[in-house]
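Coordinates as given in final.txt (compact mmCIF, C-alpha atoms):
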```txt
# COMPACT_ATOMS: atom_id res chain seq x y z
CA MET A 1 -4.00 22.20 11.31
CA PHE A 2 -1.92 23.09 8.25
CA LYS A 3 1.19 21.58 9.87
CA THR A 4 -0.71 18.34 10.61
CA THR A 5 -1.87 18.02 7.00
CA ARG A 6 1.62 18.75 5.78
CA HIS A 7 3.10 16.19 8.16
CA ILE A 8 0.60 13.53 7.01
CA ALA A 9 1.32 14.29 3.35
CA SER A 10 5.10 14.08 3.81
CA THR A 11 4.73 10.82 5.74
CA ALA A 12 2.58 9.38 2.96
CA ILE A 13 5.13 10.41 0.34
CA LEU A 14 7.98 8.83 2.31
CA ALA A 15 6.00 5.63 2.77
CA GLY A 16 5.25 5.54 -0.97
CA LEU A 17 8.93 5.97 -1.82
CA ALA A 18 9.85 3.18 0.59
CA VAL A 19 7.33 0.83 -1.06
CA LEU A 20 8.67 1.68 -4.52
CA SER A 21 12.21 1.04 -3.35
CA ILE A 22 11.28 -2.37 -1.95
CA GLN A 23 9.35 -3.31 -5.10
CA SER A 24 12.29 -2.31 -7.28
CA ALA A 25 14.69 -4.45 -5.26
CA PHE A 26 12.28 -7.40 -5.40
CA ALA A 27 11.89 -7.02 -9.16
CA GLN A 28 15.66 -7.16 -9.63
CA ASP A 29 15.92 -10.33 -7.50
CA SER A 30 12.97 -11.85 -9.36
CA THR A 31 14.59 -11.19 -12.75
CA PHE A 32 17.83 -12.83 -11.67
CA ALA A 33 16.06 -15.86 -10.28
CA LYS A 34 14.07 -16.40 -13.49
CA GLU A 35 17.31 -16.35 -15.46
CA HIS A 36 18.84 -19.13 -13.37
CA PRO A 37 19.55 -22.00 -15.82
CA ARG A 38 17.42 -24.65 -14.12
CA ARG A 39 14.48 -22.30 -13.63
CA ALA A 40 14.83 -20.95 -17.16
CA GLU A 41 14.60 -24.46 -18.60
CA VAL A 42 11.51 -25.36 -16.59
CA ILE A 43 9.80 -22.04 -17.43
CA ALA A 44 10.63 -22.32 -21.14
CA ARG A 45 9.34 -25.88 -21.27
CA GLU A 46 6.08 -24.92 -19.58
CA LYS A 47 5.56 -22.08 -22.07
CA HIS A 48 6.31 -24.44 -24.97
CA GLU A 49 3.84 -27.04 -23.70
CA LYS A 50 1.11 -24.42 -23.40
CA ALA A 51 1.81 -23.29 -26.97
CA VAL A 52 1.59 -26.89 -28.20
CA ASN A 53 -1.69 -27.34 -26.33
CA ALA A 54 -3.09 -24.19 -27.95
CA LYS A 55 -1.97 -25.36 -31.39
CA ASP A 56 -3.57 -28.77 -30.87
CA VAL A 57 -6.84 -27.20 -29.74
CA LYS A 58 -6.79 -24.83 -32.72
CA ASN A 59 -6.23 -27.60 -35.26
CA GLY A 60 -8.81 -29.87 -33.60
CA SER A 61 -6.43 -32.52 -32.26
CA LEU A 62 -7.59 -31.70 -28.72
CA THR A 63 -10.96 -30.53 -27.46
CA LYS A 64 -11.14 -27.19 -25.66
CA ALA A 65 -11.83 -29.04 -22.40
CA GLN A 66 -8.75 -31.22 -22.86
CA GLY A 67 -6.58 -28.20 -23.64
CA LYS A 68 -7.93 -26.37 -20.62
CA GLN A 69 -7.22 -29.36 -18.35
CA LEU A 70 -3.67 -29.72 -19.67
CA ASN A 71 -3.02 -25.99 -19.19
CA LYS A 72 -4.39 -26.26 -15.65
CA GLU A 73 -1.91 -29.06 -14.92
CA ASP A 74 0.94 -27.02 -16.47
CA THR A 75 -0.04 -24.05 -14.30
CA ALA A 76 0.05 -26.25 -11.19
CA ILE A 77 3.58 -27.37 -12.14
CA ARG A 78 4.61 -23.72 -12.57
CA LYS A 79 3.19 -22.86 -9.14
CA GLU A 80 5.18 -25.71 -7.63
CA GLU A 81 8.32 -24.44 -9.38
CA ARG A 82 7.76 -20.97 -7.92
CA ALA A 83 7.26 -22.40 -4.44
CA ASP A 84 10.42 -24.50 -4.75
CA ALA A 85 12.38 -21.47 -5.90
CA ALA A 86 11.01 -19.31 -3.10
CA ALA A 87 12.16 -21.91 -0.58
CA ASN A 88 15.68 -21.93 -2.06
CA GLY A 89 16.49 -18.27 -2.48
CA GLY A 90 15.21 -18.00 -6.06
CA HIS A 91 16.74 -21.21 -7.40
CA ILE A 92 15.58 -24.79 -7.77
CA THR A 93 17.74 -27.78 -6.96
CA LYS A 94 18.63 -30.48 -9.48
CA ALA A 95 16.29 -32.88 -7.66
CA GLU A 96 13.43 -30.37 -7.88
CA GLN A 97 14.16 -29.83 -11.56
CA ARG A 98 14.03 -33.60 -12.18
CA GLN A 99 10.72 -33.84 -10.33
CA LEU A 100 9.23 -30.93 -12.28
CA ASN A 101 10.42 -32.47 -15.55
CA ARG A 102 8.83 -35.81 -14.60
CA GLN A 103 5.55 -34.04 -13.94
CA GLU A 104 5.80 -32.18 -17.25
CA ASN A 105 6.58 -35.49 -18.99
CA ALA A 106 3.39 -36.95 -17.53
CA VAL A 107 1.34 -33.99 -18.79
CA ASN A 108 2.98 -34.30 -22.20
CA ALA A 109 2.17 -38.04 -22.28
CA GLN A 110 -1.45 -37.25 -21.42
CA ARG A 111 -1.61 -34.71 -24.25
CA LYS A 112 -0.25 -37.27 -26.71
CA ALA A 113 -2.72 -39.89 -25.46
CA ASP A 114 -5.60 -37.41 -25.82
CA VAL A 115 -4.51 -36.53 -29.37
CA GLN A 116 -4.26 -40.23 -30.32
CA SER A 117 -7.61 -41.15 -28.79
CA ASN A 118 -9.28 -38.16 -30.48
CA ALA A 119 -7.80 -39.25 -33.81
CA ALA A 120 -9.18 -42.75 -33.21
CA GLY A 121 -12.59 -41.32 -32.29
CA VAL A 122 -12.41 -42.28 -28.60
CA THR A 123 -13.01 -39.66 -25.91
CA THR A 124 -11.12 -39.72 -22.62
CA GLY A 125 -13.84 -37.93 -20.67
CA LYS A 126 -11.88 -34.70 -20.23
```

So that I can check it, write out the structure of this file as structure tokens.
Amino acid sequence: MFKTTRHIASTAILAGLAVLSIQSAFAQDSTFAKEHPRRAEVIAREKHEKAVNAKDVKNGSLTKAQGKQLNKEDTAIRKEERADAAANGGHITKAEQRQLNRQENAVNAQRKADVQSNAAGVTTGK
């Protein structure tokens, strides 16, 4: 019985070490992929847009609901970027980058329209 418990414990330890090894390797690949120039630009832009949204909500240019909707759209773009990168070995193509930038431009245009309509006293329903 003691040998069985010892065998189970050593197996569990080996399995744990294997999982840690795999996670470490994945983390290294993930770091490299995020530092790829096209991905880095898309990620930085998304973070900047979220910061601008937060600033506009804080100063009253956007309602909380509008800020939340814009952040939701930015998050969807980020998820698409991750999926594109996963399909291409951690990188995005120039065409994918252009598409993501177009989508981010549309979100940015919506934010500007929301800010302008709020300043004019018109609500957009978001």

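When all atoms listed in the file are used to measure the gap to A:Val57, the shortest distance among A:Gln69, A:Gln99, A:Asn105, A:Asn88 belongs to A:Gln69.
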
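Closest approach to A:Asn53 from the set A:Arg39, A:Lys72, A:Lys79, A:His91 is made by A:Lys72, with distances taken over all atoms listed in the file.
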
Between atom CA of A:Ile43 and atom CA of A:Gly60, distance in Å (one decimal): 25.9 Å

10 Å contact set for A:Glu80, all atoms listed in the file, chain neighbours under 6 positions out, as a list in words: Asp74, Ala86, Glu96 and Leu100 of chain A

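For the atom pair formed by atom CA of A:Arg45 and atom CA of A:Glu104, the distance is 8.3 Å, given to one decimal.
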
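Taking atom CA of A:Arg82 and atom CA of A:Glu41 as the two end points, the separation is 13.2 Å.
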
Looking at A:Gln103, A:Asn108, A:Thr75, A:Thr93, which one is nearest to A:His36, with distances taken over all atoms listed in the file? A:Thr93

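Minimum atom-to-atom distance to A:Ala106, evaluated using all atoms listed in the file, belongs to A:Glu49 out of A:Asn118, A:Lys64, A:Asn59, A:Glu49.
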
Mind rebuilding stretch 95-117 of chain A with N, CA and C atoms and writing that out as a CSV table (one decimal), in the coordinates of the input?
```
chain,number,residue,atom,x,y,z
A,95,ALA,N,17.3,-31.9,-8.0
A,95,ALA,CA,16.3,-32.9,-7.7
A,95,ALA,C,14.9,-32.3,-7.9
A,96,GLU,N,14.7,-31.0,-7.6
A,96,GLU,CA,13.4,-30.4,-7.9
A,96,GLU,C,13.2,-30.2,-9.4
A,97,GLN,N,14.3,-29.9,-10.1
A,97,GLN,CA,14.2,-29.8,-11.6
A,97,GLN,C,13.8,-31.2,-12.2
A,98,ARG,N,14.4,-32.3,-11.7
A,98,ARG,CA,14.0,-33.6,-12.2
A,98,ARG,C,12.6,-33.9,-11.9
A,99,GLN,N,12.1,-33.6,-10.7
A,99,GLN,CA,10.7,-33.8,-10.3
A,99,GLN,C,9.8,-33.0,-11.2
A,100,LEU,N,10.1,-31.8,-11.4
A,100,LEU,CA,9.2,-30.9,-12.3
A,100,LEU,C,9.2,-31.5,-13.7
A,101,ASN,N,10.4,-31.9,-14.2
A,101,ASN,CA,10.4,-32.5,-15.6
A,101,ASN,C,9.6,-33.8,-15.6
A,102,ARG,N,9.6,-34.6,-14.6
A,102,ARG,CA,8.8,-35.8,-14.6
A,102,ARG,C,7.3,-35.5,-14.7
A,103,GLN,N,7.0,-34.5,-13.9
A,103,GLN,CA,5.6,-34.0,-13.9
A,103,GLN,C,5.2,-33.5,-15.3
A,104,GLU,N,6.1,-32.7,-15.9
A,104,GLU,CA,5.8,-32.2,-17.2
A,104,GLU,C,5.8,-33.3,-18.3
A,105,ASN,N,6.6,-34.3,-18.1
A,105,ASN,CA,6.6,-35.5,-19.0
A,105,ASN,C,5.2,-36.2,-18.9
A,106,ALA,N,4.7,-36.3,-17.7
A,106,ALA,CA,3.4,-37.0,-17.5
A,106,ALA,C,2.3,-36.1,-18.2
A,107,VAL,N,2.3,-34.8,-18.1
A,107,VAL,CA,1.3,-34.0,-18.8
A,107,VAL,C,1.5,-34.1,-20.3
A,108,ASN,N,2.7,-34.2,-20.8
A,108,ASN,CA,3.0,-34.3,-22.2
A,108,ASN,C,2.5,-35.7,-22.7
A,109,ALA,N,2.7,-36.7,-21.9
A,109,ALA,CA,2.2,-38.0,-22.3
A,109,ALA,C,0.6,-38.0,-22.3
A,110,GLN,N,0.0,-37.3,-21.4
A,110,GLN,CA,-1.4,-37.2,-21.4
A,110,GLN,C,-1.9,-36.5,-22.7
A,111,ARG,N,-1.2,-35.5,-23.0
A,111,ARG,CA,-1.6,-34.7,-24.2
A,111,ARG,C,-1.5,-35.6,-25.5
A,112,LYS,N,-0.4,-36.4,-25.6
A,112,LYS,CA,-0.2,-37.3,-26.7
A,112,LYS,C,-1.3,-38.3,-26.7
A,113,ALA,N,-1.7,-38.9,-25.5
A,113,ALA,CA,-2.7,-39.9,-25.5
A,113,ALA,C,-4.1,-39.3,-25.9
A,114,ASP,N,-4.3,-38.1,-25.4
A,114,ASP,CA,-5.6,-37.4,-25.8
A,114,ASP,C,-5.7,-37.2,-27.3
A,115,VAL,N,-4.6,-36.8,-27.9
A,115,VAL,CA,-4.5,-36.5,-29.4
A,115,VAL,C,-4.8,-37.8,-30.1
A,116,GLN,N,-4.1,-38.9,-29.7
A,116,GLN,CA,-4.3,-40.2,-30.3
A,116,GLN,C,-5.7,-40.8,-30.2
A,117,SER,N,-6.3,-40.6,-29.0
A,117,SER,CA,-7.6,-41.2,-28.8
A,117,SER,C,-8.6,-40.3,-29.6
```
